[in-house]
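File shown: coords.cif. Contents: mmCIF, C-alpha atoms, pLDDT in the B column; chains and numbers go by the auth columns.
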data_coords
#
loop_
_atom_site.group_PDB
_atom_site.id
_atom_site.type_symbol
_atom_site.label_atom_id
_atom_site.label_comp_id
_atom_site.label_asym_id
_atom_site.label_seq_id
_atom_site.Cartn_x
_atom_site.Cartn_y
_atom_site.Cartn_z
_atom_site.B_iso_or_equiv
_atom_site.auth_seq_id
_atom_site.auth_asym_id
ATOM 1 C CA MET A 1 -8.840 14.088 -7.608 87.00 1 E
ATOM 2 C CA PRO A 2 -7.233 11.299 -5.579 95.00 2 E
ATOM 3 C CA LYS A 3 -5.061 12.284 -2.647 97.00 3 E
ATOM 4 C CA LEU A 4 -1.283 11.984 -2.441 98.00 4 E
ATOM 5 C CA SER A 5 0.567 10.633 0.569 98.00 5 E
ATOM 6 C CA VAL A 6 4.309 11.234 0.287 98.00 6 E
ATOM 7 C CA ASN A 7 6.637 8.587 1.673 98.00 7 E
ATOM 8 C CA VAL A 8 9.789 10.232 3.093 98.00 8 E
ATOM 9 C CA ASP A 9 11.660 7.013 3.958 97.00 9 E
ATOM 10 C CA HIS A 10 14.448 7.675 1.492 97.00 10 E
ATOM 11 C CA ILE A 11 15.230 11.067 2.953 98.00 11 E
ATOM 12 C CA ALA A 12 16.102 9.034 6.037 98.00 12 E
ATOM 13 C CA THR A 13 18.058 6.583 3.852 97.00 13 E
ATOM 14 C CA ILE A 14 20.368 9.432 2.811 97.00 14 E
ATOM 15 C CA ARG A 15 20.761 10.494 6.439 98.00 15 E
ATOM 16 C CA GLN A 16 21.537 6.993 7.676 96.00 16 E
ATOM 17 C CA ALA A 17 24.175 6.520 4.957 95.00 17 E
ATOM 18 C CA ARG A 18 26.390 8.945 6.880 95.00 18 E
ATOM 19 C CA GLY A 19 25.083 8.264 10.368 93.00 19 E
ATOM 20 C CA ILE A 20 24.426 11.935 11.040 95.00 20 E
ATOM 21 C CA ASP A 21 21.327 14.068 11.563 95.00 21 E
ATOM 22 C CA GLU A 22 20.638 15.362 8.063 96.00 22 E
ATOM 23 C CA PRO A 23 18.689 15.437 5.855 97.00 23 E
ATOM 24 C CA ASP A 24 15.765 15.350 8.254 98.00 24 E
ATOM 25 C CA PRO A 25 12.699 13.386 7.075 98.00 25 E
ATOM 26 C CA VAL A 26 10.520 15.573 9.294 98.00 26 E
ATOM 27 C CA ALA A 27 11.687 18.684 7.434 98.00 27 E
ATOM 28 C CA ALA A 28 10.987 16.918 4.142 98.00 28 E
ATOM 29 C CA ALA A 29 7.502 16.015 5.373 98.00 29 E
ATOM 30 C CA VAL A 30 6.789 19.642 6.277 98.00 30 E
ATOM 31 C CA LEU A 31 7.879 20.783 2.796 98.00 31 E
ATOM 32 C CA ALA A 32 5.692 18.103 1.191 98.00 32 E
ATOM 33 C CA GLU A 33 2.749 19.267 3.273 98.00 33 E
ATOM 34 C CA LEU A 34 3.336 22.887 2.291 98.00 34 E
ATOM 35 C CA ALA A 35 3.377 21.810 -1.370 98.00 35 E
ATOM 36 C CA GLY A 36 -0.078 20.272 -1.028 98.00 36 E
ATOM 37 C CA ALA A 37 0.482 16.642 -0.022 98.00 37 E
ATOM 38 C CA HIS A 38 -2.559 15.210 1.727 98.00 38 E
ATOM 39 C CA GLY A 39 -0.601 12.768 3.860 98.00 39 E
ATOM 40 C CA ILE A 40 2.832 11.609 4.973 98.00 40 E
ATOM 41 C CA THR A 41 3.861 7.953 4.944 98.00 41 E
ATOM 42 C CA VAL A 42 6.804 6.352 6.742 98.00 42 E
ATOM 43 C CA HIS A 43 7.808 2.709 7.102 97.00 43 E
ATOM 44 C CA LEU A 44 9.327 1.918 10.487 97.00 44 E
ATOM 45 C CA ARG A 45 11.164 -1.287 9.651 95.00 45 E
ATOM 46 C CA GLU A 46 12.220 -3.832 12.240 94.00 46 E
ATOM 47 C CA ASP A 47 15.885 -3.315 11.296 94.00 47 E
ATOM 48 C CA ARG A 48 15.536 0.510 11.440 95.00 48 E
ATOM 49 C CA ARG A 49 17.424 0.869 8.177 93.00 49 E
ATOM 50 C CA HIS A 50 16.003 4.331 7.496 96.00 50 E
ATOM 51 C CA ILE A 51 13.121 5.721 9.582 98.00 51 E
ATOM 52 C CA GLN A 52 13.821 5.714 13.326 98.00 52 E
ATOM 53 C CA ASP A 53 11.427 5.640 16.281 98.00 53 E
ATOM 54 C CA ARG A 54 12.110 9.292 17.041 98.00 54 E
ATOM 55 C CA ASP A 55 11.176 10.269 13.470 98.00 55 E
ATOM 56 C CA VAL A 56 7.714 8.784 13.955 98.00 56 E
ATOM 57 C CA GLU A 57 7.296 10.522 17.315 98.00 57 E
ATOM 58 C CA VAL A 58 8.311 13.930 15.933 98.00 58 E
ATOM 59 C CA LEU A 59 6.227 13.521 12.783 98.00 59 E
ATOM 60 C CA ARG A 60 3.176 12.785 14.916 98.00 60 E
ATOM 61 C CA LYS A 61 3.710 16.103 16.708 97.00 61 E
ATOM 62 C CA THR A 62 4.587 18.067 13.571 97.00 62 E
ATOM 63 C CA VAL A 63 2.535 17.235 10.503 96.00 63 E
ATOM 64 C CA LYS A 64 -1.056 18.373 10.277 97.00 64 E
ATOM 65 C CA VAL A 65 -2.006 16.083 7.397 98.00 65 E
ATOM 66 C CA ARG A 66 -2.739 12.389 7.823 98.00 66 E
ATOM 67 C CA LEU A 67 0.167 10.292 9.099 98.00 67 E
ATOM 68 C CA ASN A 68 0.352 6.759 7.689 98.00 68 E
ATOM 69 C CA LEU A 69 2.674 4.351 9.517 98.00 69 E
ATOM 70 C CA GLU A 70 3.706 1.347 7.450 98.00 70 E
ATOM 71 C CA MET A 71 4.891 -1.549 9.590 97.00 71 E
ATOM 72 C CA ALA A 72 5.137 -5.296 9.960 96.00 72 E
ATOM 73 C CA ALA A 73 2.358 -7.011 11.911 95.00 73 E
ATOM 74 C CA THR A 74 4.487 -7.679 14.999 96.00 74 E
ATOM 75 C CA GLU A 75 3.875 -7.148 18.711 96.00 75 E
ATOM 76 C CA GLU A 76 6.685 -4.561 18.835 97.00 76 E
ATOM 77 C CA MET A 77 5.272 -2.494 15.993 97.00 77 E
ATOM 78 C CA VAL A 78 1.711 -2.642 17.299 98.00 78 E
ATOM 79 C CA ALA A 79 2.972 -1.323 20.650 98.00 79 E
ATOM 80 C CA ILE A 80 4.754 1.563 18.902 98.00 80 E
ATOM 81 C CA ALA A 81 1.629 2.411 16.907 98.00 81 E
ATOM 82 C CA LEU A 82 -0.528 2.376 20.026 98.00 82 E
ATOM 83 C CA LYS A 83 1.929 4.752 21.684 98.00 83 E
ATOM 84 C CA THR A 84 2.383 7.219 18.807 98.00 84 E
ATOM 85 C CA GLN A 85 -1.184 7.089 17.428 98.00 85 E
ATOM 86 C CA PRO A 86 -0.775 7.609 13.674 98.00 86 E
ATOM 87 C CA ASP A 87 -3.986 8.296 11.792 98.00 87 E
ATOM 88 C CA ILE A 88 -3.676 5.040 9.884 98.00 88 E
ATOM 89 C CA VAL A 89 -1.442 1.975 10.007 98.00 89 E
ATOM 90 C CA THR A 90 -0.627 0.021 6.866 98.00 90 E
ATOM 91 C CA LEU A 91 0.427 -3.541 7.614 98.00 91 E
ATOM 92 C CA VAL A 92 3.020 -4.781 5.128 96.00 92 E
ATOM 93 C CA PRO A 93 5.164 -7.895 4.664 94.00 93 E
ATOM 94 C CA GLU A 94 8.776 -7.376 5.612 82.00 94 E
ATOM 95 C CA GLY A 95 12.017 -9.248 4.938 63.00 95 E
ATOM 96 C CA ARG A 96 15.464 -8.343 6.217 57.00 96 E
ATOM 97 C CA HIS A 97 17.167 -8.962 2.855 62.00 97 E
ATOM 98 C CA GLU A 98 14.733 -7.106 0.595 51.00 98 E
ATOM 99 C CA LEU A 99 15.650 -3.700 -0.827 52.00 99 E
ATOM 100 C CA THR A 100 12.047 -2.554 -0.537 56.00 100 E
ATOM 101 C CA THR A 101 8.732 -4.216 0.274 55.00 101 E
ATOM 102 C CA GLU A 102 8.288 -7.197 -2.037 64.00 102 E
ATOM 103 C CA GLY A 103 4.772 -8.431 -2.768 77.00 103 E
ATOM 104 C CA GLY A 104 1.746 -8.094 -0.550 93.00 104 E
ATOM 105 C CA LEU A 105 0.567 -9.658 2.670 95.00 105 E
ATOM 106 C CA ASP A 106 -0.744 -13.211 2.505 94.00 106 E
ATOM 107 C CA VAL A 107 -3.837 -12.317 4.491 96.00 107 E
ATOM 108 C CA ASN A 108 -5.283 -15.827 4.401 93.00 108 E
ATOM 109 C CA LEU A 109 -2.109 -17.299 5.849 93.00 109 E
ATOM 110 C CA LEU A 110 -1.838 -14.670 8.589 94.00 110 E
ATOM 111 C CA LYS A 111 -5.539 -14.167 9.278 94.00 111 E
ATOM 112 C CA ALA A 112 -5.594 -15.183 12.956 91.00 112 E
ATOM 113 C CA GLY A 113 -2.817 -12.849 14.022 94.00 113 E
ATOM 114 C CA LEU A 114 -3.953 -10.043 11.746 97.00 114 E
ATOM 115 C CA LYS A 115 -7.518 -10.068 13.025 96.00 115 E
ATOM 116 C CA GLN A 116 -6.372 -9.684 16.625 96.00 116 E
ATOM 117 C CA LYS A 117 -3.884 -6.906 15.855 97.00 117 E
ATOM 118 C CA ILE A 118 -6.314 -5.009 13.626 98.00 118 E
ATOM 119 C CA ALA A 119 -8.975 -5.019 16.347 98.00 119 E
ATOM 120 C CA LEU A 120 -6.457 -3.815 18.939 97.00 120 E
ATOM 121 C CA LEU A 121 -5.372 -0.879 16.763 98.00 121 E
ATOM 122 C CA GLN A 122 -8.929 0.047 15.842 98.00 122 E
ATOM 123 C CA GLN A 123 -9.964 0.151 19.503 97.00 123 E
ATOM 124 C CA THR A 124 -7.777 3.251 19.945 97.00 124 E
ATOM 125 C CA GLY A 125 -9.109 4.953 16.821 97.00 125 E
ATOM 126 C CA ILE A 126 -6.335 3.954 14.396 98.00 126 E
ATOM 127 C CA ALA A 127 -7.602 2.930 10.960 98.00 127 E
ATOM 128 C CA VAL A 128 -5.915 -0.137 9.458 98.00 128 E
ATOM 129 C CA SER A 129 -4.988 -0.765 5.839 98.00 129 E
ATOM 130 C CA LEU A 130 -3.524 -3.979 4.432 98.00 130 E
ATOM 131 C CA PHE A 131 -0.973 -3.926 1.607 98.00 131 E
ATOM 132 C CA VAL A 132 -2.069 -6.630 -0.836 98.00 132 E
ATOM 133 C CA VAL A 133 -1.537 -7.687 -4.423 97.00 133 E
ATOM 134 C CA PRO A 134 -4.511 -7.207 -6.775 97.00 134 E
ATOM 135 C CA ASP A 135 -5.980 -10.635 -6.100 96.00 135 E
ATOM 136 C CA LEU A 136 -9.655 -11.176 -5.304 96.00 136 E
ATOM 137 C CA GLU A 137 -8.947 -13.787 -2.627 96.00 137 E
ATOM 138 C CA GLN A 138 -6.662 -11.390 -0.765 97.00 138 E
ATOM 139 C CA ILE A 139 -9.323 -8.681 -0.992 98.00 139 E
ATOM 140 C CA LYS A 140 -11.968 -11.007 0.471 98.00 140 E
ATOM 141 C CA ALA A 141 -9.592 -12.102 3.220 98.00 141 E
ATOM 142 C CA SER A 142 -8.842 -8.456 4.073 98.00 142 E
ATOM 143 C CA HIS A 143 -12.540 -7.868 4.582 98.00 143 E
ATOM 144 C CA ARG A 144 -12.886 -10.963 6.751 97.00 144 E
ATOM 145 C CA VAL A 145 -10.107 -9.894 9.141 98.00 145 E
ATOM 146 C CA GLY A 146 -11.716 -6.488 9.649 98.00 146 E
ATOM 147 C CA ALA A 147 -9.455 -4.075 7.733 98.00 147 E
ATOM 148 C CA ASP A 148 -10.742 -0.580 7.009 98.00 148 E
ATOM 149 C CA MET A 149 -8.799 -0.205 3.785 98.00 149 E
ATOM 150 C CA VAL A 150 -6.581 -2.034 1.315 98.00 150 E
ATOM 151 C CA GLU A 151 -3.587 -0.599 -0.491 98.00 151 E
ATOM 152 C CA ILE A 152 -3.269 -2.325 -3.843 98.00 152 E
ATOM 153 C CA HIS A 153 0.310 -3.243 -4.766 97.00 153 E
ATOM 154 C CA THR A 154 1.097 -1.631 -8.131 98.00 154 E
ATOM 155 C CA GLY A 155 4.641 -2.981 -8.430 96.00 155 E
ATOM 156 C CA THR A 156 3.928 -5.596 -11.111 96.00 156 E
ATOM 157 C CA TYR A 157 2.182 -3.004 -13.285 97.00 157 E
ATOM 158 C CA CYS A 158 5.201 -0.715 -12.955 96.00 158 E
ATOM 159 C CA GLU A 159 7.569 -3.491 -14.029 95.00 159 E
ATOM 160 C CA MET A 160 5.728 -4.367 -17.254 95.00 160 E
ATOM 161 C CA ARG A 161 7.493 -3.470 -20.499 93.00 161 E
ATOM 162 C CA THR A 162 4.785 -3.840 -23.133 96.00 162 E
ATOM 163 C CA GLU A 163 1.531 -1.957 -23.455 95.00 163 E
ATOM 164 C CA LYS A 164 -0.451 -5.207 -23.484 97.00 164 E
ATOM 165 C CA GLU A 165 1.131 -6.310 -20.197 97.00 165 E
ATOM 166 C CA ARG A 166 0.523 -2.909 -18.625 96.00 166 E
ATOM 167 C CA GLN A 167 -3.136 -2.953 -19.639 97.00 167 E
ATOM 168 C CA GLU A 168 -3.566 -6.434 -18.199 97.00 168 E
ATOM 169 C CA GLN A 169 -2.131 -5.317 -14.873 97.00 169 E
ATOM 170 C CA LEU A 170 -4.211 -2.142 -14.862 98.00 170 E
ATOM 171 C CA ARG A 171 -7.303 -4.274 -15.327 98.00 171 E
ATOM 172 C CA ARG A 172 -6.309 -6.452 -12.365 98.00 172 E
ATOM 173 C CA ILE A 173 -5.811 -3.349 -10.217 98.00 173 E
ATOM 174 C CA GLU A 174 -9.157 -1.932 -11.323 98.00 174 E
ATOM 175 C CA LEU A 175 -11.033 -5.174 -10.595 98.00 175 E
ATOM 176 C CA ALA A 176 -9.367 -5.569 -7.196 98.00 176 E
ATOM 177 C CA GLY A 177 -10.283 -2.021 -6.250 98.00 177 E
ATOM 178 C CA ALA A 178 -13.882 -2.474 -7.352 98.00 178 E
ATOM 179 C CA ALA A 179 -14.178 -5.734 -5.379 98.00 179 E
ATOM 180 C CA ALA A 180 -12.772 -4.079 -2.269 98.00 180 E
ATOM 181 C CA ARG A 181 -15.173 -1.157 -2.453 98.00 181 E
ATOM 182 C CA LYS A 182 -18.111 -3.532 -2.982 98.00 182 E
ATOM 183 C CA LEU A 183 -17.168 -5.120 0.343 98.00 183 E
ATOM 184 C CA GLY A 184 -17.027 -1.714 2.037 98.00 184 E
ATOM 185 C CA LEU A 185 -13.245 -1.346 2.035 98.00 185 E
ATOM 186 C CA ARG A 186 -11.630 1.959 1.109 98.00 186 E
ATOM 187 C CA THR A 187 -8.908 1.706 -1.527 98.00 187 E
ATOM 188 C CA SER A 188 -5.484 3.213 -2.097 98.00 188 E
ATOM 189 C CA ALA A 189 -2.579 2.112 -4.271 98.00 189 E
ATOM 190 C CA GLY A 190 1.181 2.303 -4.333 97.00 190 E
ATOM 191 C CA HIS A 191 4.616 0.805 -4.978 96.00 191 E
ATOM 192 C CA GLY A 192 6.843 1.649 -7.923 96.00 192 E
ATOM 193 C CA LEU A 193 4.690 4.522 -9.138 98.00 193 E
ATOM 194 C CA ASN A 194 6.586 7.381 -10.764 98.00 194 E
ATOM 195 C CA TYR A 195 6.104 10.428 -12.977 98.00 195 E
ATOM 196 C CA ARG A 196 5.909 8.292 -16.114 96.00 196 E
ATOM 197 C CA ASN A 197 3.430 5.614 -15.080 97.00 197 E
ATOM 198 C CA VAL A 198 1.172 7.111 -12.408 97.00 198 E
ATOM 199 C CA SER A 199 -1.384 8.825 -14.643 96.00 199 E
ATOM 200 C CA ALA A 200 -2.904 5.593 -15.968 96.00 200 E
ATOM 201 C CA VAL A 201 -3.455 4.277 -12.444 97.00 201 E
ATOM 202 C CA ALA A 202 -4.782 7.623 -11.228 96.00 202 E
ATOM 203 C CA ALA A 203 -7.355 7.518 -14.033 96.00 203 E
ATOM 204 C CA LEU A 204 -8.888 4.315 -12.614 96.00 204 E
ATOM 205 C CA PRO A 205 -12.157 4.987 -10.774 94.00 205 E
ATOM 206 C CA GLY A 206 -12.529 4.813 -7.020 96.00 206 E
ATOM 207 C CA PHE A 207 -8.977 4.986 -5.670 97.00 207 E
ATOM 208 C CA GLU A 208 -8.883 7.692 -3.038 96.00 208 E
ATOM 209 C CA GLU A 209 -5.156 7.884 -2.353 98.00 209 E
ATOM 210 C CA PHE A 210 -1.744 7.042 -3.768 98.00 210 E
ATOM 211 C CA ASN A 211 1.310 6.393 -1.605 98.00 211 E
ATOM 212 C CA ILE A 212 4.440 7.436 -3.493 98.00 212 E
ATOM 213 C CA GLY A 213 7.948 7.833 -2.136 97.00 213 E
ATOM 214 C CA HIS A 214 11.092 6.920 -4.031 97.00 214 E
ATOM 215 C CA SER A 215 10.293 8.716 -7.275 98.00 215 E
ATOM 216 C CA ILE A 216 9.328 11.914 -5.429 98.00 216 E
ATOM 217 C CA VAL A 217 12.475 11.857 -3.286 98.00 217 E
ATOM 218 C CA ALA A 218 14.599 11.168 -6.388 98.00 218 E
ATOM 219 C CA ARG A 219 12.984 14.106 -8.184 98.00 219 E
ATOM 220 C CA ALA A 220 13.329 16.281 -5.082 98.00 220 E
ATOM 221 C CA ALA A 221 17.096 15.688 -5.101 97.00 221 E
ATOM 222 C CA LEU A 222 17.180 17.581 -8.404 98.00 222 E
ATOM 223 C CA VAL A 223 14.412 20.174 -8.163 98.00 223 E
ATOM 224 C CA GLY A 224 13.452 20.384 -4.472 98.00 224 E
ATOM 225 C CA MET A 225 10.722 18.679 -2.452 98.00 225 E
ATOM 226 C CA GLU A 226 7.998 21.254 -2.988 98.00 226 E
ATOM 227 C CA ARG A 227 8.315 21.253 -6.776 98.00 227 E
ATOM 228 C CA ALA A 228 8.552 17.447 -6.869 98.00 228 E
ATOM 229 C CA VAL A 229 5.321 17.119 -4.875 98.00 229 E
ATOM 230 C CA ARG A 230 3.463 19.708 -6.947 98.00 230 E
ATOM 231 C CA GLU A 231 4.474 17.956 -10.174 98.00 231 E
ATOM 232 C CA MET A 232 3.166 14.624 -8.854 98.00 232 E
ATOM 233 C CA LEU A 233 -0.074 16.213 -7.703 98.00 233 E
ATOM 234 C CA ALA A 234 -0.586 17.600 -11.212 97.00 234 E
ATOM 235 C CA LEU A 235 -0.295 14.074 -12.636 97.00 235 E
ATOM 236 C CA LEU A 236 -2.947 12.731 -10.258 96.00 236 E
ATOM 237 C CA LYS A 237 -5.627 15.049 -11.625 88.00 237 E
ATOM 238 C CA ARG A 238 -8.196 12.968 -13.442 64.00 238 E
ATOM 239 C CA PRO A 239 -9.264 14.192 -16.903 59.00 239 E
#
Take the structure in the file and give it back as structure tokens.
Amino acid sequence: MPKLSVNVDHIATIRQARGIDEPDPVAAAVLAELAGAHGITVHLREDRRHIQDRDVEVLRKTVKVRLNLEMAATEEMVAIALKTQPDIVTLVPEGRHELTTEGGLDVNLLKAGLKQKIALLQQTGIAVSLFVVPDLEQIKASHRVGADMVEIHTGTYCEMRTEKERQEQLRRIELAGAAARKLGLRTSAGHGLNYRNVSAVAALPGFEEFNIGHSIVARAALVGMERAVREMLALLKRP
């Protein structure tokens, strides 16, 4: 069974909408952990639109499962990661005007800076994953810059409306994952996955983890975090 890392960013989104101290993403993370989540993911954005620096610091001291810090590949964010020491960092593209992360890193374009930052993080024991679209050239480039893992962007698959289109995207995801593992990279997947579309991706061989946030938080608003996490975990079980 692949593992589930729950992204609690949008608990913080609700909090920031009122500028107060609740709901607390740390409390949500604890409930997700109690429900069986294998990891907690947060994206500390440069504009601090949801997760704040203190959230990352408290999560590091609180959760016992693996903490995954999503962040842009900037000097500021690398310094924060080196200070807080998450278990893994996922480097993602970031734009101020996007609603959520759009597309994957262009690893070839950014290779010089990425290689240096990846090595710096790894020197302190932090594993590094790169968030990339299911493209063989991006997979090869991720290997060349020294990443430990790639997270395959599943957003295009989730946006497809016909079964033929979905199957084509699933095949791309499967091939990208297989190519990454052949090069010695571990593989995870995420973006746009929900209770209706996750099972087909979870059935693909070799993916060890799925990072899922918005759909779990949306479900948790109706049924509670623990039930929402348990329901997602049930869908990740391979036949």
Atom CA of Glu174 of chain E sits from atom CA of Val107 of chain E at a separation of 19.7 Å
_If the PyMOL selection byres ((chain E and resi 204) around 10) were run on this exact file, what residues would it hold? Put them as a VMD selection string._
chain E and resid 170 to 171 173 to 175 177 to 178 199 to 203 205 to 207 238
Select all residues near (12.8, 16.6, 12.3) (cut-off 12 Å, inclusive, file coordinates), counting only C-alpha atoms, and output them as a PDB file with C-alpha atoms, keeping the file's coordinate frame.
ATOM      1  CA  VAL E   8       9.789  10.232   3.093  1.00 98.00           C
ATOM      2  CA  ILE E  11      15.230  11.067   2.953  1.00 98.00           C
ATOM      3  CA  ALA E  12      16.102   9.034   6.037  1.00 98.00           C
ATOM      4  CA  ARG E  15      20.761  10.494   6.439  1.00 98.00           C
ATOM      5  CA  ASP E  21      21.327  14.068  11.563  1.00 95.00           C
ATOM      6  CA  GLU E  22      20.638  15.362   8.063  1.00 96.00           C
ATOM      7  CA  PRO E  23      18.689  15.437   5.855  1.00 97.00           C
ATOM      8  CA  ASP E  24      15.765  15.350   8.254  1.00 98.00           C
ATOM      9  CA  PRO E  25      12.699  13.386   7.075  1.00 98.00           C
ATOM     10  CA  VAL E  26      10.520  15.573   9.294  1.00 98.00           C
ATOM     11  CA  ALA E  27      11.687  18.684   7.434  1.00 98.00           C
ATOM     12  CA  ALA E  28      10.987  16.918   4.142  1.00 98.00           C
ATOM     13  CA  ALA E  29       7.502  16.015   5.373  1.00 98.00           C
ATOM     14  CA  VAL E  30       6.789  19.642   6.277  1.00 98.00           C
ATOM     15  CA  LEU E  31       7.879  20.783   2.796  1.00 98.00           C
ATOM     16  CA  ILE E  51      13.121   5.721   9.582  1.00 98.00           C
ATOM     17  CA  GLN E  52      13.821   5.714  13.326  1.00 98.00           C
ATOM     18  CA  ASP E  53      11.427   5.640  16.281  1.00 98.00           C
ATOM     19  CA  ARG E  54      12.110   9.292  17.041  1.00 98.00           C
ATOM     20  CA  ASP E  55      11.176  10.269  13.470  1.00 98.00           C
ATOM     21  CA  VAL E  56       7.714   8.784  13.955  1.00 98.00           C
ATOM     22  CA  GLU E  57       7.296  10.522  17.315  1.00 98.00           C
ATOM     23  CA  VAL E  58       8.311  13.930  15.933  1.00 98.00           C
ATOM     24  CA  LEU E  59       6.227  13.521  12.783  1.00 98.00           C
ATOM     25  CA  ARG E  60       3.176  12.785  14.916  1.00 98.00           C
ATOM     26  CA  LYS E  61       3.710  16.103  16.708  1.00 97.00           C
ATOM     27  CA  THR E  62       4.587  18.067  13.571  1.00 97.00           C
ATOM     28  CA  VAL E  63       2.535  17.235  10.503  1.00 96.00           C
TER      29      VAL E  63
END
Which residues fall under the PyMOL selection byres ((chain E and resi 39) around 9) in this file, as a VMD selection string? chain E and resid 3 to 7 29 32 to 33 36 to 38 40 to 41 63 to 68 211
**Request:** Name the residues that the PyMOL selection byres ((chain E and resi 180) around 9) picks from the file above, as a list of chain:residue names, using the file's chain letters and numbers.
**Result:** E:Leu136, E:Ile139, E:Lys140, E:Ser142, E:His143, E:Met149, E:Val150, E:Leu175, E:Ala176, E:Gly177, E:Ala178, E:Ala179, E:Arg181, E:Lys182, E:Leu183, E:Gly184, E:Leu185, E:Arg186, E:Thr187
Item to complete: Find, counting only C-alpha atoms, the residue in E:Ala220, E:Ile14, E:Leu105, E:Ala127 that gets nearest to Val89 of chain E.
Response: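 Closest residue, counting only C-alpha atoms: E:Ala127.
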Per-residue nearest contacts of segment 117-231 of chain E to segment 78-88 of chain E (7 Å; all atoms listed in the file) as JSON lines:
{"residue": "E:Leu121", "atom": "CA", "partner": "E:Leu82", "partner_atom": "CA", "distance": 6.7}
{"residue": "E:Ile126", "atom": "CA", "partner": "E:Ile88", "partner_atom": "CA", "distance": 5.3}
{"residue": "E:Ala127", "atom": "CA", "partner": "E:Ile88", "partner_atom": "CA", "distance": 4.6}
{"residue": "E:Val128", "atom": "CA", "partner": "E:Ile88", "partner_atom": "CA", "distance": 5.7}
**Nearest to Asp47 of chain E by atom-to-atom distance, counting all atoms listed in the file, from E:Ala112, E:Met71, E:Ala35, E:Ala221** =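 Closest candidate: E:Met71.
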What separates atom CA of Asp135 of chain E and atom CA of Glu208 of chain E is a distance of 18.8 Å
E:Ile152, E:Val42, E:Ala218, E:Val198: which is nearest Met232 of chain E, counting only C-alpha atoms?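 Looking only at the distances to Met232 of chain E, the closest residue turns out to be E:Val198.
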Residue among E:Val217, E:Leu110, E:Met1, E:Ile118 lying closest to Val229 of chain E, counting only C-alpha atoms: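 Closest to Val229 of chain E, using only C-alpha atoms: E:Val217.
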